[in-house]
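Novice: So that we are looking at the same thing, I have put the structure below in structure tokens.
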Amino acid sequence: MFSTILSGAINGMECRSVHVEADISPGLPLFSMVGFLGSEVKEAAERVKSAIRNTGVQIPAKRITVNLWPADMRKSGTAFDLPIAAVVLASLGQVEAKELQGVFMAGELSLNGEVNGICGVLAMTLHAREQGMEYCVVPKENAKEGAVVAGIKVIGVGHILEMLEFLKHKEKMPVQSVDMNMVFAQGKRCEYDFADIRGQVRAKRAMEIAAAGRHNILLIGPPGTGKSMLAKRLPYILPPLTMEESFSITKIHSIAGVLPKNVPLLDTRPFLQPHHTSSPYALAGGGKIPKPGMISLAHRGVLFTGGTTTRYCGCKNGAVKVA
């Protein structure tokens, strides 16, 4: 029996569609996975089999083939565990294959069937809405993050049995919701207050001009003159985040895996201060599948570099970039 569901893979700063298919047919017992897979995706076969077995469902001694397409795009990460389990269970007849239509699914599985959190849920939920999906099923740990996207029903599941229950009785499962007005109304203030600065009249004037015009600023002086102290308070006088800016910042931090738990949306501008031994790769990001670096994480905020990290921009003191 054949079944398919839509999932997604993070590629840079965006999510791309990945269709997860499963077919169970007579033959020698085998769980085969194809589709240009990374090692962590290939290992999903063992996680999925153990998770299904520990829910009480017996996997028959047949040939199970799982395909992730498009096959010309390399897949990595553990977010495909949950959709693979869904299509396998649908192919086993535990749920009707038609119930997978209109559903986007992503999540990592433990061997006991629990669903663990993943990175990039906000980007995936935005992509699911663009693809016209009605539901987006994600780990319960990431449900609030996905629920900030309007126009799609986000379902948080903590166990594979909850995923099955959703597919059988969609109308009975609670939809995760987030009060966006409350998120911004309770926005935390910046940790460092610009009003705490005493003296430094010219430096404060320069910082105000940089904040007003979104200019970069170079702070020159010996240790102890207040360069770091001034830089840390720059986000305090930057304009409040708009909803669009908050979404773009949160998406980057979610993809990088540094979004704080239980924080659905970042409401303050980021301040990044790379260590003086940071490499160019840590600053700019990179990899076979590019990951955000410090420069990207400081998007719409402040990047403060000092020491040896400033050699990349040709200065020896503190450089502040208003991203």
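Going by the structure tokens order, chains are called A, B, ..., each with residues numbered from 1, while ligands are numbered from 1 in the order shown.
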I'd like to know which residues of range 49-209 of chain A are helix (DSSP H, G or I) (by DSSP, run on the backbone); could you write them as a ChimeraX atom specification?
Specialist: /A:49-53,81-91,97-100,121-130,140-147,160-168,170-172,180-185,194-196,201-209
Novice: Take the residues that were just selected and, keeping C-alpha atoms, output them as a PDB file, in the first residue's frame.
Specialist:
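What ended up in again_6.pdb:
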ATOM      1  CA  LYS A  49      10.888   1.017  13.593  1.00  0.00           C
ATOM      2  CA  SER A  50      11.589   1.085  17.320  1.00  0.00           C
ATOM      3  CA  ALA A  51       9.107   3.911  17.931  1.00  0.00           C
ATOM      4  CA  ILE A  52       6.320   2.118  16.038  1.00  0.00           C
ATOM      5  CA  ARG A  53       7.076  -1.191  17.760  1.00  0.00           C
ATOM      6  CA  ASP A  81      11.309  10.927  11.583  1.00  0.00           C
ATOM      7  CA  LEU A  82       7.680  11.855  12.292  1.00  0.00           C
ATOM      8  CA  PRO A  83       6.488  12.061   8.658  1.00  0.00           C
ATOM      9  CA  ILE A  84       8.250   8.760   7.873  1.00  0.00           C
ATOM     10  CA  ALA A  85       6.415   7.124  10.771  1.00  0.00           C
ATOM     11  CA  ALA A  86       3.130   8.632   9.543  1.00  0.00           C
ATOM     12  CA  VAL A  87       3.411   7.262   6.005  1.00  0.00           C
ATOM     13  CA  VAL A  88       4.573   3.847   7.252  1.00  0.00           C
ATOM     14  CA  LEU A  89       1.613   3.619   9.635  1.00  0.00           C
ATOM     15  CA  ALA A  90      -0.730   4.720   6.855  1.00  0.00           C
ATOM     16  CA  SER A  91       0.705   2.048   4.571  1.00  0.00           C
ATOM     17  CA  ALA A  97      -3.903   7.444   3.504  1.00  0.00           C
ATOM     18  CA  LYS A  98      -6.314  10.228   2.517  1.00  0.00           C
ATOM     19  CA  GLU A  99      -6.029  11.675   6.033  1.00  0.00           C
ATOM     20  CA  LEU A 100      -2.443  12.712   5.208  1.00  0.00           C
ATOM     21  CA  VAL A 121       9.866  25.263  12.817  1.00  0.00           C
ATOM     22  CA  LEU A 122       8.924  28.872  12.040  1.00  0.00           C
ATOM     23  CA  ALA A 123      10.397  28.625   8.535  1.00  0.00           C
ATOM     24  CA  MET A 124       8.632  25.283   8.015  1.00  0.00           C
ATOM     25  CA  THR A 125       5.266  26.632   9.157  1.00  0.00           C
ATOM     26  CA  LEU A 126       5.554  29.648   6.849  1.00  0.00           C
ATOM     27  CA  HIS A 127       6.378  27.297   3.970  1.00  0.00           C
ATOM     28  CA  ALA A 128       3.465  24.998   4.820  1.00  0.00           C
ATOM     29  CA  ARG A 129       1.083  27.954   4.656  1.00  0.00           C
ATOM     30  CA  GLU A 130       2.538  28.985   1.291  1.00  0.00           C
ATOM     31  CA  LYS A 140       4.839  20.046  21.206  1.00  0.00           C
ATOM     32  CA  GLU A 141       8.055  21.751  22.274  1.00  0.00           C
ATOM     33  CA  ASN A 142       7.973  23.894  19.099  1.00  0.00           C
ATOM     34  CA  ALA A 143       4.206  24.346  18.774  1.00  0.00           C
ATOM     35  CA  LYS A 144       4.111  27.935  20.066  1.00  0.00           C
ATOM     36  CA  GLU A 145       6.849  28.918  17.641  1.00  0.00           C
ATOM     37  CA  GLY A 146       4.805  27.660  14.708  1.00  0.00           C
ATOM     38  CA  ALA A 147       1.540  29.085  16.058  1.00  0.00           C
ATOM     39  CA  ILE A 160       3.600   9.159  18.107  1.00  0.00           C
ATOM     40  CA  LEU A 161       0.246   8.024  19.526  1.00  0.00           C
ATOM     41  CA  GLU A 162      -0.896  11.664  19.635  1.00  0.00           C
ATOM     42  CA  MET A 163       0.022  11.974  15.963  1.00  0.00           C
ATOM     43  CA  LEU A 164      -2.104   8.906  15.190  1.00  0.00           C
ATOM     44  CA  GLU A 165      -4.978  10.290  17.239  1.00  0.00           C
ATOM     45  CA  PHE A 166      -4.791  13.545  15.272  1.00  0.00           C
ATOM     46  CA  LEU A 167      -4.914  11.755  11.915  1.00  0.00           C
ATOM     47  CA  LYS A 168      -7.947   9.754  13.041  1.00  0.00           C
ATOM     48  CA  LYS A 170      -8.534  15.920  13.436  1.00  0.00           C
ATOM     49  CA  GLU A 171     -11.492  17.939  14.676  1.00  0.00           C
ATOM     50  CA  LYS A 172     -10.923  16.810  18.288  1.00  0.00           C
ATOM     51  CA  MET A 180       0.497  38.079  19.444  1.00  0.00           C
ATOM     52  CA  ASN A 181      -0.641  41.247  21.207  1.00  0.00           C
ATOM     53  CA  MET A 182       0.279  39.673  24.533  1.00  0.00           C
ATOM     54  CA  VAL A 183       3.694  38.609  23.233  1.00  0.00           C
ATOM     55  CA  PHE A 184       4.627  42.174  22.344  1.00  0.00           C
ATOM     56  CA  ALA A 185       2.798  43.735  25.286  1.00  0.00           C
ATOM     57  CA  PHE A 194      21.329  53.745  27.768  1.00  0.00           C
ATOM     58  CA  ALA A 195      20.356  56.174  30.536  1.00  0.00           C
ATOM     59  CA  ASP A 196      22.802  54.468  32.918  1.00  0.00           C
ATOM     60  CA  VAL A 201      28.825  63.076  26.091  1.00  0.00           C
ATOM     61  CA  ARG A 202      30.492  62.896  22.680  1.00  0.00           C
ATOM     62  CA  ALA A 203      30.382  59.108  22.586  1.00  0.00           C
ATOM     63  CA  LYS A 204      26.679  59.072  23.464  1.00  0.00           C
ATOM     64  CA  ARG A 205      25.988  61.638  20.759  1.00  0.00           C
ATOM     65  CA  ALA A 206      27.817  59.473  18.222  1.00  0.00           C
ATOM     66  CA  MET A 207      25.825  56.404  19.308  1.00  0.00           C
ATOM     67  CA  GLU A 208      22.544  58.290  18.965  1.00  0.00           C
ATOM     68  CA  ILE A 209      23.454  59.390  15.432  1.00  0.00           C
TER      69      ILE A 209
END
Novice: Go through range 134-272 of chain A and collect every residue that DSSP, computed from the backbone, puts in strand (DSSP E); the answer should be as a PyMOL selection string.
Specialist: chain A and resi 135-139+153-157+217-219+271-272
Novice: How about saving the chosen residues, N, CA and C atoms kept, as a CSV table (one decimal), in the first residue's frame?
Specialist:
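The new file out03.csv reads:
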chain,number,residue,atom,x,y,z
A,135,TYR,N,-3.1,21.9,7.9
A,135,TYR,CA,-2.5,21.6,9.2
A,135,TYR,C,-1.0,21.5,9.1
A,136,CYS,N,-0.4,21.9,10.3
A,136,CYS,CA,1.1,21.7,10.4
A,136,CYS,C,1.3,21.0,11.7
A,137,VAL,N,1.8,19.8,11.7
A,137,VAL,CA,2.0,19.0,12.9
A,137,VAL,C,3.5,19.0,13.2
A,138,VAL,N,3.8,19.5,14.4
A,138,VAL,CA,5.2,19.7,14.8
A,138,VAL,C,5.3,19.2,16.3
A,139,PRO,N,6.6,19.1,16.8
A,139,PRO,CA,6.7,18.7,18.2
A,139,PRO,C,6.0,19.7,19.1
A,153,LYS,N,-3.4,25.8,10.8
A,153,LYS,CA,-3.6,25.2,12.1
A,153,LYS,C,-2.4,24.4,12.6
A,154,VAL,N,-1.8,24.9,13.7
A,154,VAL,CA,-0.6,24.2,14.2
A,154,VAL,C,-1.0,23.2,15.3
A,155,ILE,N,-0.6,22.0,15.2
A,155,ILE,CA,-0.9,20.9,16.1
A,155,ILE,C,0.4,20.5,16.8
A,156,GLY,N,0.5,20.6,18.1
A,156,GLY,CA,1.7,20.1,18.8
A,156,GLY,C,1.5,18.7,19.3
A,157,VAL,N,2.4,17.8,19.0
A,157,VAL,CA,2.3,16.4,19.5
A,157,VAL,C,3.5,16.0,20.3
A,217,ILE,N,29.6,52.2,13.5
A,217,ILE,CA,30.4,53.1,14.3
A,217,ILE,C,31.6,52.4,14.8
A,218,LEU,N,32.7,53.1,14.8
A,218,LEU,CA,34.0,52.5,15.2
A,218,LEU,C,34.4,53.2,16.6
A,219,LEU,N,34.6,52.4,17.6
A,219,LEU,CA,34.9,52.9,18.9
A,219,LEU,C,36.4,52.7,19.2
A,271,PHE,N,21.9,41.3,20.2
A,271,PHE,CA,23.2,41.9,20.4
A,271,PHE,C,24.2,40.7,20.4
A,272,LEU,N,25.1,40.7,19.4
A,272,LEU,CA,26.0,39.6,19.3
A,272,LEU,C,27.4,40.2,19.5
Novice: Interatomic distance between CA of Pro239 in chain A and CA of Ala298 in chain A?
Specialist: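 Separation between CA of Pro239 in chain A and CA of Ala298 in chain A: 15.3 Å.
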Novice: Go through A:Ala106, A:Gly8, A:His253, A:Thr277 and flag the residue nearest Thr305 in chain A, using only C-alpha atoms for the distances.
Specialist: A:Thr277
Novice: Interatomic distance between CA of Gln176 in chain A and CA of Val149 in chain A?
Specialist: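 Computing the Euclidean distance for CA of Gln176 in chain A and CA of Val149 in chain A yields 10.7 Å.
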Novice: Go through A:Leu241, A:Val258, A:Ile220, A:Leu265 one by one, measure the shortest atom-to-atom distance of each to Gly306 in chain A using only C-alpha atoms, and give the residue with the smallest value.
Specialist: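 For Gly306 in chain A, the nearest of the candidates is A:Ile220.
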Novice: Which of these residues is nearest to Gly293 in chain A, using only C-alpha atoms: A:Ala256, A:Ser7, A:Ala22, A:Gly77?
Specialist: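 Ranked by minimum distance to Gly293 in chain A, first place goes to A:Ala256.
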Novice: Just the number, please: distance in Å from CA of Ile64 in chain A to CA of Thr78 in chain A, one decimal.
Specialist: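 Those two atoms sit 19.5 Å apart.
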Novice: Pick the closest to Val148 in chain A from A:Leu283, A:Ala211, A:Met243, A:Ala44: which is it, counting only C-alpha atoms?
Specialist: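 For Val148 in chain A, the nearest of the candidates is A:Met243.
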